[in-house]
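A.B. asks: Before I ask anything, let me first share the structure, which is written out below as structure tokens.
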Amino acid sequence: MSYISLMAKSKKGTIIGNDLSGPDNYSYMNQDQHEVNVCDCLDYVRNRRLHISPKFKLKKTQYDVSYTFDSYLIVSERFKDFCIQNNYENVVFYSLPNNPKKFFMDILNQKRYDLTIEGIRYIEFNPACGEYNEVVGAHPIYLEDSTPLADGFYRTDIEFGRSYAKGPLYMVGVETREKLKMEKFKGLYMCEILTHYL
């Protein structure tokens, strides 16, 4: 089956990509930042690679793809090797202390989230840094551009969640989804991103 045929229309809308989801691994990278005002932890949210704790310990190690409670995307060496073998650009892997076969995966390709839709809520505006302490209503994902995502990995341009745990939504192209499915990565699940939803 060709990848082009996968750009099918559902009853809701045209499939343009998939989100990149996984289970919680019951770990914090920096638990001391939990519930800190977003203005005081904004660098942690925007530059997670700079705040990898030397004391980090992954509590659930069985997954190829998982997330910490504070929104770090943790992947296995096998997942990292898959990305390298497929020559995916704009993804970076950072080694984790005490976990030589696990990595923090940072995705650099940004796609603009459609902020005109109903359902997004902004809570506790902080004038000191111009940020909201909490943004909710991330799912389903709406993108400004309805063009199908090319083979690769992407993130939204805004972060959802609360305080230090705010983070972007991660996404993959339809072709990427099919490649990932063939690998049967443990913990990975992907939901369709559509041009519109019922």
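In the structure tokens, each chain is lettered A, B, ... as it comes, each chain's residues begin at 1, and ligands are numbered from 1 in order of appearance.
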In region 8-53 of chain A, what's strand (DSSP E) per DSSP? Answer as a list in words?

C.D. replies: Ile15, Ile16, Gly17, Asn18 and Asp19 of chain A

A.B. asks: Which neighbours of region 14-22 of chain A fall inside 6 Å, counting only C-alpha atoms, when residues of the same chain fewer than 3 positions from it are skipped, and could you give them as a CSV table (one decimal) with N, CA and C atoms, in the first residue's frame?

C.D. replies:
```csv
chain,number,residue,atom,x,y,z
A,7,MET,N,-3.4,9.2,2.9
A,7,MET,CA,-3.9,10.5,3.1
A,7,MET,C,-5.4,10.5,2.9
A,9,LYS,N,-9.6,10.5,3.6
A,9,LYS,CA,-10.5,11.4,4.3
A,9,LYS,C,-11.4,10.5,5.2
A,65,VAL,N,8.9,4.8,24.3
A,65,VAL,CA,8.5,6.2,24.3
A,65,VAL,C,7.6,6.4,25.5
A,66,SER,N,8.0,7.5,26.3
A,66,SER,CA,7.2,7.8,27.5
A,66,SER,C,7.5,9.3,27.9
A,148,PRO,N,-0.9,18.2,4.6
A,148,PRO,CA,-0.4,17.0,5.3
A,148,PRO,C,1.1,17.2,5.7
A,149,LEU,N,1.4,16.7,6.9
A,149,LEU,CA,2.8,16.8,7.4
A,149,LEU,C,3.7,15.9,6.7
A,170,TYR,N,3.6,17.0,20.4
A,170,TYR,CA,4.5,16.4,19.4
A,170,TYR,C,3.7,15.6,18.4
A,171,MET,N,4.2,15.7,17.1
A,171,MET,CA,3.4,15.2,16.0
A,171,MET,C,4.4,14.5,15.0
A,172,VAL,N,3.8,13.6,14.2
A,172,VAL,CA,4.5,13.0,13.1
A,172,VAL,C,3.7,13.0,11.8
A,173,GLY,N,4.4,12.9,10.7
A,173,GLY,CA,3.7,12.8,9.4
A,173,GLY,C,3.0,11.4,9.3
A,174,VAL,N,2.1,11.3,8.3
A,174,VAL,CA,1.4,10.1,8.1
A,174,VAL,C,2.3,8.9,7.7
A,187,GLY,N,4.9,1.4,24.2
A,187,GLY,CA,4.4,2.6,24.8
A,187,GLY,C,3.9,3.6,23.8
A,188,LEU,N,4.3,3.5,22.6
A,188,LEU,CA,3.9,4.5,21.6
A,188,LEU,C,2.5,4.4,21.1
A,189,TYR,N,1.7,5.4,21.1
A,189,TYR,CA,0.4,5.4,20.5
A,189,TYR,C,0.2,6.8,19.8
A,190,MET,N,-0.5,6.8,18.7
A,190,MET,CA,-0.7,7.9,17.9
A,190,MET,C,-2.1,8.1,17.5
A,191,CYS,N,-2.7,9.3,17.6
A,191,CYS,CA,-4.0,9.6,17.2
A,191,CYS,C,-4.0,10.5,16.0
A,192,GLU,N,-5.0,10.4,15.2
A,192,GLU,CA,-5.0,11.2,14.0
A,192,GLU,C,-5.2,12.7,14.2
A,193,ILE,N,-4.5,13.5,13.4
A,193,ILE,CA,-4.7,14.9,13.4
A,193,ILE,C,-5.5,15.2,12.1
A,194,LEU,N,-6.6,15.9,12.2
A,194,LEU,CA,-7.5,16.1,11.1
A,194,LEU,C,-7.6,17.6,10.7
A,195,THR,N,-8.1,17.8,9.5
A,195,THR,CA,-8.4,19.2,9.1
A,195,THR,C,-9.5,19.8,9.9
```

A.B. asks: For Lys59 (chain A), which residue out of A:Asp40, A:Asp24, A:Glu118, A:Glu89 is the nearest one, using only C-alpha atoms?

C.D. replies: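 Nearest to Lys59 (chain A): A:Asp24.
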
A.B. asks: Near Lys12 (chain A), counting only C-alpha atoms, which residues have an atom at most 7 Å away, once you skip same-chain residues fewer than 5 positions from it, shown as a PyMOL selection string?

C.D. replies: chain A and resi 196-198

A.B. asks: A:Phe104, A:Tyr63, A:Tyr88, A:Phe79: which is nearest Arg48 (chain A), counting only C-alpha atoms?

C.D. replies: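 Ranking A:Phe104, A:Tyr63, A:Tyr88, A:Phe79 by distance to Arg48 (chain A), first place goes to A:Phe104.
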
A.B. asks: Where does DSSP see alpha helix (DSSP H) in region 20-174 of chain A, if you list the residues as an NGL selection string?

C.D. replies: :A and (42-46 or 77-85 or 174)

A.B. asks: How would the residues just picked look written out with N, CA and C atoms as an mmCIF file, in the first residue's frame?

C.D. replies:
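File written: part.cif
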```cif
data_model
loop_
_atom_site.group_PDB
_atom_site.id
_atom_site.type_symbol
_atom_site.label_atom_id
_atom_site.label_comp_id
_atom_site.auth_asym_id
_atom_site.auth_seq_id
_atom_site.Cartn_x
_atom_site.Cartn_y
_atom_site.Cartn_z
ATOM 1 N N LEU A 42 10.273 29.664 33.428
ATOM 2 C CA LEU A 42 10.054 29.743 31.982
ATOM 3 C C LEU A 42 11.224 29.158 31.202
ATOM 4 N N ASP A 43 12.439 29.338 31.703
ATOM 5 C CA ASP A 43 13.586 28.778 30.986
ATOM 6 C C ASP A 43 13.555 27.253 31.017
ATOM 7 N N TYR A 44 13.030 26.681 32.092
ATOM 8 C CA TYR A 44 12.876 25.229 32.157
ATOM 9 C C TYR A 44 11.894 24.750 31.087
ATOM 10 N N VAL A 45 10.838 25.509 30.859
ATOM 11 C CA VAL A 45 9.823 25.142 29.867
ATOM 12 C C VAL A 45 10.376 25.267 28.450
ATOM 13 N N ARG A 46 11.089 26.353 28.178
ATOM 14 C CA ARG A 46 11.530 26.663 26.819
ATOM 15 C C ARG A 46 12.863 25.996 26.451
ATOM 16 N N GLU A 77 17.095 3.743 23.220
ATOM 17 C CA GLU A 77 18.174 3.734 22.229
ATOM 18 C C GLU A 77 17.665 3.215 20.886
ATOM 19 N N ARG A 78 16.777 2.251 20.919
ATOM 20 C CA ARG A 78 16.224 1.705 19.668
ATOM 21 C C ARG A 78 15.426 2.751 18.914
ATOM 22 N N PHE A 79 14.666 3.565 19.631
ATOM 23 C CA PHE A 79 13.911 4.643 18.982
ATOM 24 C C PHE A 79 14.865 5.683 18.402
ATOM 25 N N LYS A 80 15.880 6.026 19.158
ATOM 26 C CA LYS A 80 16.896 6.958 18.666
ATOM 27 C C LYS A 80 17.557 6.426 17.398
ATOM 28 N N ASP A 81 17.927 5.158 17.385
ATOM 29 C CA ASP A 81 18.566 4.561 16.212
ATOM 30 C C ASP A 81 17.629 4.585 15.004
ATOM 31 N N PHE A 82 16.342 4.367 15.245
ATOM 32 C CA PHE A 82 15.358 4.434 14.155
ATOM 33 C C PHE A 82 15.372 5.818 13.505
ATOM 34 N N CYS A 83 15.400 6.850 14.315
ATOM 35 C CA CYS A 83 15.395 8.217 13.781
ATOM 36 C C CYS A 83 16.671 8.509 12.993
ATOM 37 N N ILE A 84 17.791 8.030 13.489
ATOM 38 C CA ILE A 84 19.067 8.250 12.798
ATOM 39 C C ILE A 84 19.098 7.500 11.472
ATOM 40 N N GLN A 85 18.639 6.266 11.490
ATOM 41 C CA GLN A 85 18.634 5.455 10.269
ATOM 42 C C GLN A 85 17.731 6.040 9.192
ATOM 43 N N VAL A 174 2.083 11.319 8.321
ATOM 44 C CA VAL A 174 1.363 10.056 8.119
ATOM 45 C C VAL A 174 2.331 8.950 7.705
#
```

A.B. asks: With only C-alpha atoms as the counted atoms, please give the residues lying no more than 12 Å from Lys166 (chain A), apart from itself and same-chain residues fewer than 6 positions off, as a PDB file with C-alpha atoms, in the first residue's frame.

C.D. replies:
```pdb
ATOM      1  CA  GLN A  33       9.969  23.080  40.033  1.00  0.00           C
ATOM      2  CA  HIS A  34       6.518  21.525  40.457  1.00  0.00           C
ATOM      3  CA  GLU A  35       3.818  24.240  40.680  1.00  0.00           C
ATOM      4  CA  VAL A  36       6.386  27.056  40.536  1.00  0.00           C
ATOM      5  CA  ASN A  37       4.968  30.203  38.927  1.00  0.00           C
ATOM      6  CA  VAL A  38       5.585  30.027  35.184  1.00  0.00           C
ATOM      7  CA  CYS A  39       7.570  33.282  35.190  1.00  0.00           C
ATOM      8  CA  CYS A  41      10.500  28.494  35.556  1.00  0.00           C
ATOM      9  CA  LEU A  42      10.054  29.743  31.982  1.00  0.00           C
ATOM     10  CA  ASP A  43      13.586  28.778  30.986  1.00  0.00           C
ATOM     11  CA  TYR A  44      12.876  25.229  32.157  1.00  0.00           C
ATOM     12  CA  VAL A  45       9.823  25.142  29.867  1.00  0.00           C
ATOM     13  CA  ARG A  46      11.530  26.663  26.819  1.00  0.00           C
ATOM     14  CA  ASN A  47      15.012  25.138  27.168  1.00  0.00           C
ATOM     15  CA  ARG A  48      14.562  21.730  28.729  1.00  0.00           C
ATOM     16  CA  THR A  68       7.897  12.445  32.634  1.00  0.00           C
ATOM     17  CA  PHE A  69       5.334  14.248  34.760  1.00  0.00           C
ATOM     18  CA  ASP A  70       7.101  17.479  33.772  1.00  0.00           C
ATOM     19  CA  SER A  71       6.796  16.855  30.021  1.00  0.00           C
ATOM     20  CA  TYR A  72      10.199  15.456  29.058  1.00  0.00           C
ATOM     21  CA  GLU A 131       2.723  34.155  30.036  1.00  0.00           C
ATOM     22  CA  TYR A 132      -0.257  32.243  31.354  1.00  0.00           C
ATOM     23  CA  ASN A 133       0.413  29.864  34.209  1.00  0.00           C
ATOM     24  CA  GLU A 134      -1.835  27.285  32.561  1.00  0.00           C
ATOM     25  CA  VAL A 135      -3.128  26.581  29.042  1.00  0.00           C
ATOM     26  CA  VAL A 136      -5.671  23.794  28.530  1.00  0.00           C
ATOM     27  CA  ALA A 138      -4.853  20.829  23.616  1.00  0.00           C
ATOM     28  CA  ILE A 158       2.825  26.839  21.956  1.00  0.00           C
ATOM     29  CA  GLU A 159       2.961  24.866  25.190  1.00  0.00           C
ATOM     30  CA  PHE A 160       0.017  23.328  26.985  1.00  0.00           C
TER      31      PHE A 160
END
```

A.B. asks: Calculated over only C-alpha atoms, which of the candidates A:Phe56, A:Tyr26, A:Tyr142, A:Tyr67 has the smallest distance to Arg112 (chain A)?

C.D. replies: A:Tyr142

A.B. asks: Between CA of His139 (chain A) and CA of Leu115 (chain A), what distance in Å does the model show, to one decimal?

C.D. replies: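 One can read the CA of His139 (chain A) to CA of Leu115 (chain A) distance as 12.3 Å.
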
A.B. asks: Counting only C-alpha atoms, which of A:Val92, A:Leu73, A:Leu108, A:Met182 gets nearest to Gly167 (chain A)?

C.D. replies: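 Closest to Gly167 (chain A), using only C-alpha atoms: A:Leu73.
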
A.B. asks: Might you pull out every residue within 8 Å of Gly137 (chain A), with only C-alpha atoms counted and same-chain residues fewer than 3 positions away left off, and present them as a list in words?

C.D. replies: Gly119, Ile120, Arg121, Pro140 and Phe160 of chain A
